Amino acid sequence: MVVVKAVRPAISCSSSGFDGGQLVPLHKVSFVNLTLPASLLSVRLSSRNNAKLSLVQSTKESSTASTNDRAAVFSGENLHQIDTNGKATNIVWHKSSVGKVHWQEVLQQRGCVIWITGLSGSGKSNLACALCQALYSRGKLAYILDGDNVWHGLNRDLSFEAEDRAENIRRIGEVAKLFADAGIICIASVISPYRKDRDACRSLLPEGDFIEVFMNVPLQICEARDPKGLYKLARAGKINGVYPPWLLYLKIGFTGIDDPYEPPLNCELELPQKGNNCASPCEIAEIVISYLEEKGYLQA
């Protein structure tokens, strides 16, 4: 085994050692060439910062690239990447022989995430339910991740501090990604007021598989509806003590009143409401269905 602790930038090396140049810390290395006999091709990267080696070509003459502060181990043609991710260490990704393409063939649909965002009272949950019903009637498999419902289980350990609120969205995004990877159409209905959090969820999926639906309903209409009575509490300054666990944006204010909502800049679908004319959830769901059909998500 060759243990790489520090190398020179842009070098070639063999089992006998390194040639030329001044040693530099591993985290600054951009590219390393290793020429080793196949029987000896077992390379481990180690440093205090847990840098990362990625296999570029698994041949007798193998190349590796140092990319970031994680650790990887590979041996010959078998690549086993060992990651340090957050608080988790020594974790390995195991790939299944049955993947997204296979499930899509079984389900006769393409997995994706429909991310419905908007102010409280804009109709996100109603749209999610109507859309799920419309997909069911067409024989398609869908699942709803409702912001309120997720707080009852997956995210019940989170507080309402800014960091935990971001973690709430991250977890929903990760779960939605798993559903999409199984070929399921996942409908996430979450206020998710900050663009950076929504964009982070988008980045988890292949291009096109994250469909952002913006319920563009003005604050005054949402407040007039006030289905949960939350706007009334916020206006009265009563959202500052004991509050229901499903209320997401509490300690720093209520979204739309004390805390900003950042509307999408480049969403796939924007569903505006003008004046008091409000389409029914079923009518709005058909708009989303038309988009899915146009993009080929309702067939394998």
# chains A, B, ... in the order shown; residues from 1 in each chain; ligands from 1

call {"tool": "select_by_dssp", "arguments": {"residues": "segment 86-195 of chain A", "states": "alpha helix (DSSP H)", "output": "MDAnalysis selection string"}}
result
chainID A and resid 100:107 124:137 147:150 162:181 195

call {"tool": "residues_around", "arguments": {"residues": "segment 167-173 of chain A", "least_positions_apart": "6", "cutoff": "8 Å", "atoms": "only C-alpha atoms", "output": "list in words"}}
result
Leu145, Val150, Asn155, Leu158, Ala188, Ser192, Asp197, Arg198, Ala200, Cys201, Arg202 and Leu204 of chain A

call {"tool": "write_last_selection", "arguments": {"atoms": "C-alpha atoms", "output": "short mmCIF file (atom, residue, chain, number, x, y, z; two decimals), in the first residue's frame"}}
result
data_model
loop_
_atom_site.label_atom_id
_atom_site.label_comp_id
_atom_site.auth_asym_id
_atom_site.auth_seq_id
_atom_site.Cartn_x
_atom_site.Cartn_y
_atom_site.Cartn_z
CA LEU A 145 -44.82 15.88 2.15
CA VAL A 150 -43.65 16.50 8.73
CA ASN A 155 -38.81 17.00 12.27
CA LEU A 158 -36.21 20.55 15.70
CA ALA A 188 -43.77 18.99 -1.13
CA SER A 192 -40.03 27.60 2.57
CA ASP A 197 -33.14 26.88 1.11
CA ARG A 198 -35.31 26.13 -1.92
CA ALA A 200 -30.40 23.92 -1.98
CA CYS A 201 -33.24 21.40 -2.38
CA ARG A 202 -33.26 21.96 -6.13
CA LEU A 204 -30.18 17.71 -4.88
#

call {"tool": "atom_distance", "arguments": {"atom1": "atom CA of Thr84 of chain A", "atom2": "atom CA of Glu163 of chain A"}}
result
20.8 Å

call {"tool": "atom_distance", "arguments": {"atom1": "atom CA of Ile284 of chain A", "atom2": "atom CA of Ser122 of chain A"}}
result
12.3 Å

call {"tool": "residues_around", "arguments": {"residues": "segment 96-99 of chain A", "least_positions_apart": "5", "cutoff": "10 Å", "atoms": "only C-alpha atoms", "output": "short mmCIF file (atom, residue, chain, number, x, y, z; two decimals) with all heavy atoms, in the first residue's frame"}}
result
data_model
loop_
_atom_site.label_atom_id
_atom_site.label_comp_id
_atom_site.auth_asym_id
_atom_site.auth_seq_id
_atom_site.Cartn_x
_atom_site.Cartn_y
_atom_site.Cartn_z
N GLN A 104 -39.07 3.54 -12.69
CA GLN A 104 -39.87 4.33 -13.62
C GLN A 104 -40.51 3.45 -14.69
O GLN A 104 -41.65 3.68 -15.10
CB GLN A 104 -39.00 5.42 -14.25
CG GLN A 104 -38.60 6.50 -13.25
CD GLN A 104 -37.73 7.58 -13.86
OE1 GLN A 104 -37.72 8.72 -13.37
NE2 GLN A 104 -36.98 7.26 -14.89
N ASP A 181 -36.23 9.38 -6.48
CA ASP A 181 -35.29 8.35 -6.91
C ASP A 181 -35.97 7.00 -7.03
O ASP A 181 -35.48 6.10 -7.73
CB ASP A 181 -34.12 8.27 -5.92
CG ASP A 181 -32.94 7.53 -6.49
OD1 ASP A 181 -32.56 7.82 -7.64
OD2 ASP A 181 -32.40 6.64 -5.81
N ALA A 182 -37.10 6.83 -6.34
CA ALA A 182 -37.87 5.59 -6.44
C ALA A 182 -38.92 5.67 -7.54
O ALA A 182 -39.78 4.80 -7.65
CB ALA A 182 -38.54 5.28 -5.10
N GLY A 183 -38.86 6.73 -8.34
CA GLY A 183 -39.79 6.88 -9.45
C GLY A 183 -41.13 7.49 -9.07
O GLY A 183 -42.05 7.53 -9.89
#

call {"tool": "closest_residue", "arguments": {"among": "A:Leu265, A:Ile184, A:Ile82, A:Leu233", "to": "Cys112 of chain A", "atoms": "only C-alpha atoms"}}
result
A:Ile184
